[in-house]
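A.B. asks: Got a structure here, written out as structure tokens. Questions coming.
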Amino acid sequence: MAGNGGVIGPTNTVNPSTPETVTTVTASTPSAVTLSPTTSAIDFLVVAGGGAGGTNASGNVGSAGGGAGGVRQFCSVAVTGGSALGAVVIGGGGSATPYPGGSVGGCGADSSIVVGCTTYTSNGGGGGGGGQPSNPTNPNPGFCGVAGGSGGGTSFPQTTAGAAGNTPPVSPPQGNPGGASGPTPKGYAGGGGGICGAGGDGSPDGPGPGGGAGGAGLNIAPLFPTSPITGVGGGGGGGYYDPGQPTGFGGLANPVGGGGNAGASPGTPGNNGEAGTANTGGGGGGASSANGPAAGTGGAGGSGVVIIKELNKASGVWSMQSQYD
């Protein structure tokens, strides 16, 4: 008897080498993609816009890094082959207030995609705290970071924890909190949170690394191998103020994740935070400063992105007429 129960017919095979289609959406659109007729499920990633770094109020403080936009991955979501996916919204990165502002960075905007009757959303990253003078009675709350997909860092003179990430909460988490300002009169600020880690705290007093590093981003190349975007969700580095301590550097965001570096070294022109990389949801870097009026503006947050992968799955159905010999 034949091993297939006595029915004699052709051997059906599926070609495993057919590549899975990946679509990268970098701008809002009413319809993201029309699926292949044989597609029955998709994986997709939704990344929101990153928060901007904070801006200094004077030349003797450092500002905090912005938090990365929320990053959410959805796997094996059932779809109808040949149908068009719904609207995609790509969140913009937050903007920073120009110096002198002493202002918290702007928050990133949400990103979303509609699949079937469901809207899948990631939340924008929180802005980093703006550097304030060392005046305990200063009523301006701009030194506090803002909660978001990942939270912004806290700036001098606060030493409390950075702003919360994964806000509003989802499971698994879409981000992490920002870092705190260092306990020092030199104004080392915290980094913004990232998808793979919290923002680093500012250093204690002394010739340490200075501003806190941005939280780590996520390498997505193994998940979406043909997308031009290779990493998402890195937080912005914290700025710093350190006259006479040239070894103090602002924190660096994870380069894979697209976060912004911190501002330039004190005493150099500009002292502006670096912007988060576009279409990665990276947080912007916080501004640094020098002794005196030379201070900077925070870096803008990076815009978000949506990436869709059509899974290469056989239907498992062949016509009966083709099977009998």
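Residues are named by chain letter and number: chains run A, B, ... in the order of the structure tokens, numbers start at 1 in each chain, and ligands are numbered from 1 in the order shown.
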Could you give me, as a list in words, the residues within 7 Å of Gly285 of chain A, counting only C-alpha atoms and dropping anything in the same chain fewer than 5 positions from it?
C.D. replies: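 Those residues are Gly53, Gly65, Gly66, Gly236, Gly237, Gly238, Gly260, Asn261, Ala262, Gly263, Gly273, Glu274, Ala275, Gly298 and Gly299 of chain A.
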A.B. asks: Now that the selection is made, can you save its residues with N, CA, C and O atoms as a PDB file, in the first residue's frame?
C.D. replies:
```pdb
ATOM      1  N   GLY A  53      15.231  66.760  22.899  1.00  0.00           N
ATOM      2  CA  GLY A  53      16.040  67.069  24.069  1.00  0.00           C
ATOM      3  C   GLY A  53      15.695  68.431  24.636  1.00  0.00           C
ATOM      4  O   GLY A  53      15.130  69.294  23.953  1.00  0.00           O
ATOM      5  N   GLY A  65      18.168  64.367  27.729  1.00  0.00           N
ATOM      6  CA  GLY A  65      17.820  63.764  26.449  1.00  0.00           C
ATOM      7  C   GLY A  65      16.353  63.389  26.365  1.00  0.00           C
ATOM      8  O   GLY A  65      15.704  63.092  27.377  1.00  0.00           O
ATOM      9  N   GLY A  66      15.828  63.405  25.142  1.00  0.00           N
ATOM     10  CA  GLY A  66      14.443  63.012  24.915  1.00  0.00           C
ATOM     11  C   GLY A  66      14.285  61.506  24.855  1.00  0.00           C
ATOM     12  O   GLY A  66      15.199  60.764  24.474  1.00  0.00           O
ATOM     13  N   GLY A 236      17.809  59.780  23.504  1.00  0.00           N
ATOM     14  CA  GLY A 236      18.798  60.847  23.344  1.00  0.00           C
ATOM     15  C   GLY A 236      19.716  60.949  24.552  1.00  0.00           C
ATOM     16  O   GLY A 236      19.305  60.713  25.691  1.00  0.00           O
ATOM     17  N   GLY A 237      20.958  61.300  24.321  1.00  0.00           N
ATOM     18  CA  GLY A 237      21.924  61.461  25.410  1.00  0.00           C
ATOM     19  C   GLY A 237      21.714  62.756  26.176  1.00  0.00           C
ATOM     20  O   GLY A 237      21.245  63.755  25.631  1.00  0.00           O
ATOM     21  N   GLY A 238      22.084  62.750  27.474  1.00  0.00           N
ATOM     22  CA  GLY A 238      21.935  63.933  28.313  1.00  0.00           C
ATOM     23  C   GLY A 238      23.078  64.922  28.112  1.00  0.00           C
ATOM     24  O   GLY A 238      24.224  64.534  27.895  1.00  0.00           O
ATOM     25  N   GLY A 260      19.616  60.547  19.349  1.00  0.00           N
ATOM     26  CA  GLY A 260      20.531  61.655  19.132  1.00  0.00           C
ATOM     27  C   GLY A 260      21.659  61.665  20.149  1.00  0.00           C
ATOM     28  O   GLY A 260      21.468  61.315  21.313  1.00  0.00           O
ATOM     29  N   ASN A 261      22.843  62.076  19.724  1.00  0.00           N
ATOM     30  CA  ASN A 261      23.923  62.270  20.671  1.00  0.00           C
ATOM     31  C   ASN A 261      23.647  63.504  21.527  1.00  0.00           C
ATOM     32  O   ASN A 261      22.832  64.345  21.190  1.00  0.00           O
ATOM     33  N   ALA A 262      24.383  63.630  22.625  1.00  0.00           N
ATOM     34  CA  ALA A 262      24.245  64.822  23.453  1.00  0.00           C
ATOM     35  C   ALA A 262      24.930  66.003  22.782  1.00  0.00           C
ATOM     36  O   ALA A 262      25.567  65.869  21.736  1.00  0.00           O
ATOM     37  N   GLY A 263      24.802  67.167  23.398  1.00  0.00           N
ATOM     38  CA  GLY A 263      25.362  68.383  22.831  1.00  0.00           C
ATOM     39  C   GLY A 263      26.872  68.373  22.766  1.00  0.00           C
ATOM     40  O   GLY A 263      27.544  67.495  23.300  1.00  0.00           O
ATOM     41  N   GLY A 273      22.052  69.947  21.108  1.00  0.00           N
ATOM     42  CA  GLY A 273      21.859  68.509  21.079  1.00  0.00           C
ATOM     43  C   GLY A 273      21.665  68.022  19.656  1.00  0.00           C
ATOM     44  O   GLY A 273      21.142  68.740  18.803  1.00  0.00           O
ATOM     45  N   GLU A 274      22.091  66.807  19.392  1.00  0.00           N
ATOM     46  CA  GLU A 274      21.928  66.218  18.062  1.00  0.00           C
ATOM     47  C   GLU A 274      20.529  65.640  17.910  1.00  0.00           C
ATOM     48  O   GLU A 274      19.976  65.068  18.849  1.00  0.00           O
ATOM     49  N   ALA A 275      19.959  65.804  16.730  1.00  0.00           N
ATOM     50  CA  ALA A 275      18.608  65.300  16.477  1.00  0.00           C
ATOM     51  C   ALA A 275      18.591  63.775  16.417  1.00  0.00           C
ATOM     52  O   ALA A 275      19.564  63.136  16.003  1.00  0.00           O
ATOM     53  N   GLY A 298      18.158  71.967  22.484  1.00  0.00           N
ATOM     54  CA  GLY A 298      18.032  70.522  22.400  1.00  0.00           C
ATOM     55  C   GLY A 298      17.817  70.043  20.974  1.00  0.00           C
ATOM     56  O   GLY A 298      17.384  70.798  20.099  1.00  0.00           O
ATOM     57  N   GLY A 299      18.159  68.779  20.728  1.00  0.00           N
ATOM     58  CA  GLY A 299      17.955  68.180  19.415  1.00  0.00           C
ATOM     59  C   GLY A 299      16.518  67.716  19.239  1.00  0.00           C
ATOM     60  O   GLY A 299      15.872  67.262  20.186  1.00  0.00           O
TER      61      GLY A 299
END
```
A.B. asks: Identify, on the basis of only C-alpha atoms, every residue whose closest approach to segment 95-101 of chain A does not exceed 6 Å; exclude the query and any residue fewer than 6 positions from it along the same chain; express the result as a VMD selection string.
C.D. replies: chain A and resid 52 57 296 to 298 300
A.B. asks: So how many Å separate atom CA of Gly49 of chain A and atom CA of Glu310 of chain A, to one decimal?
C.D. replies: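 These atoms are spaced 24.2 Å apart.
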A.B. asks: Find, counting only C-alpha atoms, the residue in A:Gly125, A:Gly286, A:Pro168, A:Gly182 that gets nearest to Ser203 of chain A.
C.D. replies: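 Distance minimum relative to Ser203 of chain A lands on A:Gly182.
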A.B. asks: Looking at A:Asn271, A:Ser155, A:Ser150, A:Thr29, which one is nearest to Gly215 of chain A, with distances taken over only C-alpha atoms?
C.D. replies: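 With only C-alpha atoms as the atom set, the closest residue is A:Ser150.
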A.B. asks: If we count only C-alpha atoms and set the cut-off at 6 Å, which residues sit around Gly162 of chain A, ignoring sequence neighbours fewer than 5 positions away in its own chain? Please answer as a PyMOL selection string.
C.D. replies: chain A and resi 153-154+178-180
A.B. asks: Can you tell me how far atom CA of Pro37 of chain A sits from atom CA of Leu85 of chain A, in Å to one decimal?
C.D. replies: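 Separating atom CA of Pro37 of chain A from atom CA of Leu85 of chain A is a distance of 12.9 Å.
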A.B. asks: Go through A:Leu45, A:Val306, A:Cys117, A:Cys144 and flag the residue nearest Val25 of chain A, using only C-alpha atoms for the distances.
C.D. replies: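 Smallest separation from Val25 of chain A among the options: A:Val306.
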A.B. asks: Find the spatial neighbours of Gly108 of chain A, counting only C-alpha atoms, within a cut-off of 9 Å - ignore same-chain residues fewer than 3 positions away - and output them as an MDAnalysis selection string.
C.D. replies: chainID A and resid 48:52 67:69 91:95 123:127 148:149 281 283 301:304
A.B. asks: Which residue gives the smallest distance to Gly193 of chain A among A:Gly282, A:Pro169, A:Gly102, A:Gly152, with only C-alpha atoms counted?
C.D. replies: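 Among A:Gly282, A:Pro169, A:Gly102, A:Gly152, it is A:Gly152 that comes nearest to Gly193 of chain A.
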